[in-house]
Amino acid sequence: MKKIYLLLIAGSAATTSCHVFSETEVSTELPQNPWQFSLGAGWPLTDTDASAVNHALRQAGESQLRVSDISQRPGFSLWAGYQWSAHYRLEAGYLNFGPASGHLSGFVNNPQTASQILTDQFPLSAQGIAFTIKPSYNLSDSLSVYARGGPFFNKSEISAGQLAEKTVRGMDLLLGVGAQWMFSQSWGIGMDWNRGLIESRQTDLITFNIVYMPE
């Protein structure tokens, strides 16, 4: 039920977020071809580091177990969108937030306690399919800003050695903001920030995108 409320809030926010003021007159006509595609690659963001995990382990009496070299590899996104009004687009996309890894060393006093802490603290590796509403606003005929929000059907994994191996499938919330510049009628570049609220944790991905709009 909580996820449903969040989705309703996100949808409501998405439909009102881009009514901003501008003195510049720009075209609001629909393109001849309403489809748009984009491919992005970038880096995931996480606020979890090895020192935070090790502190939680010490607090639980697992001072002999240490985590080091927590890292995340690049992620990517692929979107297809259909513009059904001047300022709104329906999208479907695949997102991969990049795999996370780390190194464990030392001794374990209580495997169950250590496993729970690692599961709660270690960064997620998440991927899945999102369906979003994407409101946008044209700052000029070639430059626009946008937001997106909708359900994210995903598989999230935690891989912190044999102590913490976990895979969860579910539906969570995806939110995002971004901007794009069309340097020709069909091609453009952009940048966006997507946030997955997965397993009550936030996972962020910033991507640089190539945008294609068929003529």
# chains A, B, ... in the order shown; residues from 1 in each chain; ligands from 1
$ closest_atom_pairs --of "stretch 115-150 of chain A" --to "stretch 59-66 of chain A" --cutoff "12 Å" --atoms "only C-alpha atoms" --output "tab-separated table"
residue	atom	partner	partner_atom	distance
A:Ser115	CA	A:Glu62	CA	10.7
A:Gln116	CA	A:Ala60	CA	10.3
A:Ile117	CA	A:Ala60	CA	8.4
A:Leu118	CA	A:Arg66	CA	10.6
$ write_last_selection --atoms "C-alpha atoms" --output "PDB file, in the first residue's frame"
ATOM      1  CA  SER A 115      25.073 -11.159   7.411  1.00  0.00           C
ATOM      2  CA  GLN A 116      22.248  -8.850   8.509  1.00  0.00           C
ATOM      3  CA  ILE A 117      24.546  -5.835   8.802  1.00  0.00           C
ATOM      4  CA  LEU A 118      26.139  -6.450   5.411  1.00  0.00           C
TER       5      LEU A 118
END
$ select_by_dssp --residues "stretch 14-203 of chain A" --states "strand (DSSP E or B)" --output "number ranges by chain"
A: 35-45, 65-72, 75-83, 88-96, 100-106, 125-138, 143-159, 165-182, 187-198, 201-203
$ write_last_selection --atoms "C-alpha atoms" --output "CSV table (one decimal), in the first residue's frame"
chain,number,residue,atom,x,y,z
A,35,TRP,CA,8.8,8.8,-30.9
A,36,GLN,CA,12.1,9.5,-29.1
A,37,PHE,CA,14.9,7.1,-28.2
A,38,SER,CA,17.9,7.6,-25.9
A,39,LEU,CA,20.9,5.6,-24.8
A,40,GLY,CA,22.9,6.7,-21.8
A,41,ALA,CA,26.0,5.7,-19.8
A,42,GLY,CA,27.2,7.0,-16.5
A,43,TRP,CA,28.2,6.4,-12.9
A,44,PRO,CA,26.1,5.3,-9.9
A,45,LEU,CA,26.2,7.3,-6.7
A,65,LEU,CA,35.5,-8.6,10.3
A,66,ARG,CA,36.5,-5.8,7.9
A,67,VAL,CA,35.1,-4.6,4.6
A,68,SER,CA,37.4,-2.8,2.0
A,69,ASP,CA,37.4,-1.7,-1.6
A,70,ILE,CA,33.7,-1.1,-2.0
A,71,SER,CA,33.2,0.0,-5.6
A,72,GLN,CA,30.5,0.3,-8.2
A,75,GLY,CA,25.7,1.8,-15.3
A,76,PHE,CA,23.6,2.6,-18.4
A,77,SER,CA,20.0,3.3,-19.5
A,78,LEU,CA,17.9,2.8,-22.6
A,79,TRP,CA,14.6,4.7,-23.1
A,80,ALA,CA,11.8,4.8,-25.7
A,81,GLY,CA,9.2,7.6,-25.3
A,82,TYR,CA,6.0,8.6,-27.1
A,83,GLN,CA,4.9,12.3,-27.0
A,88,TYR,CA,4.1,15.2,-21.8
A,89,ARG,CA,5.7,11.9,-22.9
A,90,LEU,CA,5.1,8.3,-21.9
A,91,GLU,CA,8.3,6.3,-21.5
A,92,ALA,CA,9.5,2.7,-21.1
A,93,GLY,CA,13.1,2.2,-20.2
A,94,TYR,CA,15.7,-0.3,-19.0
A,95,LEU,CA,18.1,0.9,-16.3
A,96,ASN,CA,21.2,-0.8,-14.9
A,100,ALA,CA,28.6,-3.2,-6.6
A,101,SER,CA,31.5,-5.2,-5.1
A,102,GLY,CA,33.7,-5.3,-2.1
A,103,HIS,CA,36.3,-7.4,-0.2
A,104,LEU,CA,35.8,-9.1,3.2
A,105,SER,CA,38.6,-10.1,5.5
A,106,GLY,CA,39.0,-11.3,9.1
A,125,SER,CA,23.2,-3.7,-7.7
A,126,ALA,CA,19.9,-3.0,-9.4
A,127,GLN,CA,18.5,-3.4,-12.9
A,128,GLY,CA,15.0,-3.4,-14.3
A,129,ILE,CA,12.3,-1.9,-16.5
A,130,ALA,CA,10.5,1.4,-15.7
A,131,PHE,CA,7.3,2.9,-17.0
A,132,THR,CA,7.2,6.7,-16.5
A,133,ILE,CA,5.4,9.9,-17.2
A,134,LYS,CA,7.8,12.5,-18.5
A,135,PRO,CA,6.7,16.2,-18.3
A,136,SER,CA,9.0,18.6,-20.1
A,137,TYR,CA,9.5,22.3,-20.7
A,138,ASN,CA,11.2,23.9,-23.7
A,143,LEU,CA,16.9,23.0,-25.3
A,144,SER,CA,14.5,21.4,-22.8
A,145,VAL,CA,14.3,20.3,-19.2
A,146,TYR,CA,12.2,17.4,-17.9
A,147,ALA,CA,11.3,15.2,-15.0
A,148,ARG,CA,10.1,11.6,-14.8
A,149,GLY,CA,8.3,9.4,-12.4
A,150,GLY,CA,6.8,5.9,-12.4
A,151,PRO,CA,7.0,2.3,-11.3
A,152,PHE,CA,10.3,0.4,-11.6
A,153,PHE,CA,10.1,-3.4,-11.9
A,154,ASN,CA,13.6,-4.5,-10.8
A,155,LYS,CA,15.9,-7.1,-9.6
A,156,SER,CA,18.3,-6.0,-6.8
A,157,GLU,CA,21.3,-7.9,-5.6
A,158,ILE,CA,23.7,-7.7,-2.7
A,159,SER,CA,27.0,-9.5,-3.2
A,165,GLU,CA,24.3,-13.0,-0.9
A,166,LYS,CA,20.8,-11.7,-1.6
A,167,THR,CA,18.6,-11.2,-4.6
A,168,VAL,CA,15.2,-9.5,-4.4
A,169,ARG,CA,12.6,-8.9,-7.2
A,170,GLY,CA,9.9,-6.3,-6.8
A,171,MET,CA,8.2,-3.1,-7.9
A,172,ASP,CA,9.6,0.2,-6.5
A,173,LEU,CA,9.6,3.9,-7.5
A,174,LEU,CA,11.8,5.6,-10.0
A,175,LEU,CA,12.2,9.4,-10.1
A,176,GLY,CA,14.4,11.5,-12.3
A,177,VAL,CA,15.3,15.0,-13.7
A,178,GLY,CA,17.3,16.0,-16.7
A,179,ALA,CA,18.0,18.2,-19.7
A,180,GLN,CA,18.6,17.7,-23.4
A,181,TRP,CA,19.9,19.7,-26.3
A,182,MET,CA,18.9,18.8,-29.9
A,187,TRP,CA,20.0,14.0,-32.9
A,188,GLY,CA,20.8,15.5,-29.5
A,189,ILE,CA,22.7,15.0,-26.3
A,190,GLY,CA,21.5,15.1,-22.7
A,191,MET,CA,22.2,14.4,-19.1
A,192,ASP,CA,19.8,13.0,-16.4
A,193,TRP,CA,19.8,11.9,-12.8
A,194,ASN,CA,17.6,8.9,-12.0
A,195,ARG,CA,16.9,7.7,-8.5
A,196,GLY,CA,15.5,4.3,-7.7
A,197,LEU,CA,13.9,4.0,-4.2
A,198,ILE,CA,14.7,0.3,-3.9
A,201,ARG,CA,17.0,2.6,0.0
A,202,GLN,CA,18.0,5.2,-2.6
A,203,THR,CA,20.2,4.3,-5.6
